[in-house]
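Student: The structure under discussion is supplied below as structure tokens; questions concerning it will follow.
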Amino acid sequence: MVSRVIPVEPFDLVIFGATGDLSRRKILPGLFRRLLAGQMPVEARIIGAARSDMDTDGFREMVRAALAEFEPACKTHPDECELFLGLLDYIPIDALGGKGWKSLGKLLRKEVVTAFYLSVGPSLFGEIAHRLHTNGIARPDSRIVVEKPLGHDLESARLLNRQLAECFAECQIYRIDHYLGKETVQNLMALRFANALFEPLWNARHIDHVQITVAESIGVEGRGGYYDKSGALRDMVQNHLMQLLCLTAMEPPARFNADFVRDEKLKVIRSLDPLKVGDTVRGQYRAGADGGSYLDDAENPDSRTESFVALKVEVENWRWAGTPFYLRTGKRLRARMSEISIIFKDPPHSIFPDMENRKGNALIIRLQPDEGINLRMTIKEPGQGGMRLTEVPLDMSFAEALGADVVVPDAYERLVMDVIRGDQTLFMRGDEVEEAWAWIDPLVAAWEEGSDRPRPYDAGGSGPEDALALLHRDGRKWREIEV
Ligand code: BG6
């Protein structure tokens, strides 16, 4: 199967913080891959803007080195690589001062889409937005792109939203959650709303519970300074897991457009029962067979920051009342594995003797690695005398089903092209971000007030014992963390 690529219109994309890590690792290689895929017009321009005093040639050399390091295709496509480097420009700019803004204004073309990607620390978002506005650089149709952390609590998120709103309309603001750019996350919407099969069963009458797991095998990896102030709840749950929960639980939007989808997600967040501390578990990895302890990387040697969270979440609405959602995420776990598991109820009446030994029907949506869908079915065990039952998976891996020709764009590629197209469906709206913080904040406060430390778990394990108990006490069991 060959995927269709629709080229976007010419644009000027300004990347603030263009010399930084995210830009070098993700944004610029992603843009190069879009050029290879034929989606980027040759009239496009990518303008690096950063503090470093270099010229355009210097920037091109920096990007050449970044591509050589992070994008193997630049070796096999040297001509396209030169073409890409030719689209680059650079302006030294001082986000907090006057330098560079006039030159940037002059450089931008009036007749093409302009987008400003703020790949900088969140403390600069408001400043840059303000300077783009007061220097007359941003136009009413320009787009501004920001990425988490979008505040660290409700108050700071509101402040950030206000600062952006002073200079840009909501329809110009693109808040990235890179999980929404992942192909399988979007496929969750296709699975639910483009198939008649699941939707009639997608409710508390037929679903026993839902498990959402985002397990990472890596640790904090030198980001101890940031992570210690954040922890897994703010770093992963408030945004990525919340988005997965919303897409799983939301009502079908009347149309697939930005505000319809975001309205439905917002309704889910508003339906969440306040979290009870007793329904939450936080953990911190200690040295195990698979590596050192969290405290080796933490800034504070006595840190109580959680590198693991498990939550029992109740969505109080007609569709879900009585069906809990269990969320867990953690670093330094046994494997990198993200999935959404829909565990169905048993048939109302059993006519077979050994029904109770089954685990029952489950739909597993594997987000990473090896994206795919797995439906656990009960069948008759072959060849046995009598009616013995067994369980088998109906397993579909996207890579196998779609064929090797299909290149799935990575999340950033997809999202940056959506910015240029002016499609906000896969971006968070300001009210969504605020509601998510409003739900998280009381738990942060309760944890901070309490004297408990996070529960220890071994690096390379499955998380703390208490997380297992969170489901056991409800007569349920987490799926194994494995590849
Ligand atoms: C980031 C978090 O948002 O997502 C990181 O800050 C985390 O801590 C990362 O490792 C996970 O993303 P992915 O795409 O690798 O699952």
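Going through the structure tokens in order, the chains are called A, B, and so on, while each chain numbers its residues from 1 and the ligands are numbered from 1 in the order shown.
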Return as a PyMOL selection string every polymer residue, whether protein, DNA or RNA, with at least one atom no more than 8 Å from an atom of ligand 1; count only C-alpha atoms and all ligand atoms.

Tutor: chain A and resi 148+177-179+182+214+216+218+220+227+232+235-236+240+331+338+368

Student: Name all residues at most 8 Å from region 426-440 of chain A (count only C-alpha atoms; drop same-chain ones fewer than 3 positions away) and give them as a tab-separated table (two decimals) with C-alpha atoms, in the first residue's frame.

Tutor:
```tsv
chain	number	residue	atom	x	y	z
A	150	LEU	CA	2.40	24.15	29.58
A	152	HIS	CA	3.16	23.24	36.24
A	153	ASP	CA	-0.24	23.77	37.85
A	154	LEU	CA	-3.57	25.41	37.09
A	157	ALA	CA	-1.23	27.29	32.97
A	158	ARG	CA	-3.83	30.08	33.19
A	161	ASN	CA	-2.82	31.01	28.33
A	170	GLU	CA	-6.95	30.67	20.11
A	174	TYR	CA	-0.95	25.16	18.48
A	175	ARG	CA	-0.19	23.36	21.76
A	176	ILE	CA	1.68	20.19	21.00
A	177	ASP	CA	1.21	16.93	22.86
A	180	LEU	CA	-1.52	13.05	19.56
A	181	GLY	CA	0.84	12.98	16.60
A	233	LEU	CA	2.28	12.81	37.26
A	238	GLN	CA	-1.42	15.45	32.99
A	239	ASN	CA	-0.81	15.41	29.25
A	242	MET	CA	-4.86	12.23	29.84
A	258	ALA	CA	-10.68	20.58	15.74
A	262	ARG	CA	-11.68	19.01	21.52
A	265	LYS	CA	-12.27	15.54	25.08
A	266	LEU	CA	-12.98	18.45	27.40
A	269	ILE	CA	-11.92	15.68	31.68
A	270	ARG	CA	-14.84	17.50	33.27
A	272	LEU	CA	-13.51	12.79	36.00
A	274	PRO	CA	-11.67	13.90	41.91
A	275	LEU	CA	-8.74	11.57	42.58
A	415	LEU	CA	2.16	17.84	13.71
A	423	ASP	CA	-5.49	21.99	11.27
A	443	LEU	CA	-3.46	15.14	44.14
A	444	VAL	CA	-0.12	16.94	43.92
```

Student: Distance CA of Trp318 (chain A)-CA of Thr213 (chain A), one decimal place?

Tutor: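 So the answer is 24.4 Å.
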
Student: I need the residues in region 322-402 of chain A that are strand (DSSP E) according to DSSP; give them as a ChimeraX atom specification.

Tutor: /A:325-330,337-344,362-368,372-380,389-397

Student: Within 8 Å of Arg286 (chain A), counting only C-alpha atoms, which residues qualify if same-chain residues fewer than 6 places away don't, as a CSV table (one decimal) with N, CA, C and O atoms, in the first residue's frame?

Tutor:
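As a result, part.csv now contains:
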```
chain,number,residue,atom,x,y,z
A,292,GLY,N,20.8,1.8,37.6
A,292,GLY,CA,21.0,2.5,38.9
A,292,GLY,C,19.6,3.1,39.4
A,292,GLY,O,18.6,2.9,38.8
A,293,SER,N,19.7,3.8,40.5
A,293,SER,CA,18.5,4.3,41.1
A,293,SER,C,18.1,5.7,40.6
A,293,SER,O,19.0,6.4,40.1
A,294,TYR,N,16.9,6.1,40.8
A,294,TYR,CA,16.4,7.4,40.4
A,294,TYR,C,17.3,8.5,41.1
A,294,TYR,O,17.7,9.5,40.5
A,295,LEU,N,17.7,8.2,42.3
A,295,LEU,CA,18.4,9.2,43.1
A,295,LEU,C,19.8,9.5,42.5
A,295,LEU,O,20.3,10.6,42.8
A,456,PRO,N,9.3,2.2,46.7
A,456,PRO,CA,10.5,1.8,45.8
A,456,PRO,C,10.1,0.6,44.9
A,456,PRO,O,9.2,-0.2,45.2
A,457,TYR,N,10.7,0.6,43.7
A,457,TYR,CA,10.6,-0.6,42.8
A,457,TYR,C,11.9,-0.8,42.1
A,457,TYR,O,12.7,0.2,42.0
A,458,ASP,N,12.2,-2.0,41.8
A,458,ASP,CA,13.5,-2.3,41.2
A,458,ASP,C,13.6,-1.8,39.7
A,458,ASP,O,12.6,-2.0,39.0
A,459,ALA,N,14.7,-1.2,39.4
A,459,ALA,CA,14.9,-0.8,38.0
A,459,ALA,C,14.8,-2.1,37.2
A,459,ALA,O,15.4,-3.1,37.6
```

Student: Any idea what's packed within 6 Å of Gly283 (chain A), counting only C-alpha atoms, ignoring anything in its chain fewer than 5 positions away? Could you give it as number ranges by chain?

Tutor: A: 306-308, 454-456

Student: Keeping only N, CA, C and O atoms, write the selected residues to a file as a tab-separated table (two decimals), in the first residue's frame.

Tutor:
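Dumped everything to part-v7.tsv:
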```tsv
chain	number	residue	atom	x	y	z
A	306	GLU	N	8.21	11.20	42.11
A	306	GLU	CA	7.79	9.88	41.64
A	306	GLU	C	8.22	9.65	40.19
A	306	GLU	O	8.08	10.53	39.35
A	307	SER	N	8.78	8.45	39.94
A	307	SER	CA	9.11	8.10	38.56
A	307	SER	C	8.09	7.09	38.04
A	307	SER	O	8.20	6.59	36.94
A	308	PHE	N	7.10	6.80	38.88
A	308	PHE	CA	6.04	5.84	38.52
A	308	PHE	C	4.74	6.32	39.14
A	308	PHE	O	4.73	6.80	40.28
A	454	PRO	N	7.55	7.94	47.95
A	454	PRO	CA	7.10	7.03	46.89
A	454	PRO	C	7.57	5.61	47.19
A	454	PRO	O	8.63	5.42	47.79
A	455	ARG	N	6.78	4.62	46.78
A	455	ARG	CA	7.16	3.22	47.02
A	455	ARG	C	8.32	2.84	46.12
A	455	ARG	O	8.30	3.14	44.92
A	456	PRO	N	9.33	2.16	46.65
A	456	PRO	CA	10.46	1.77	45.81
A	456	PRO	C	10.09	0.62	44.87
A	456	PRO	O	9.25	-0.21	45.21
```
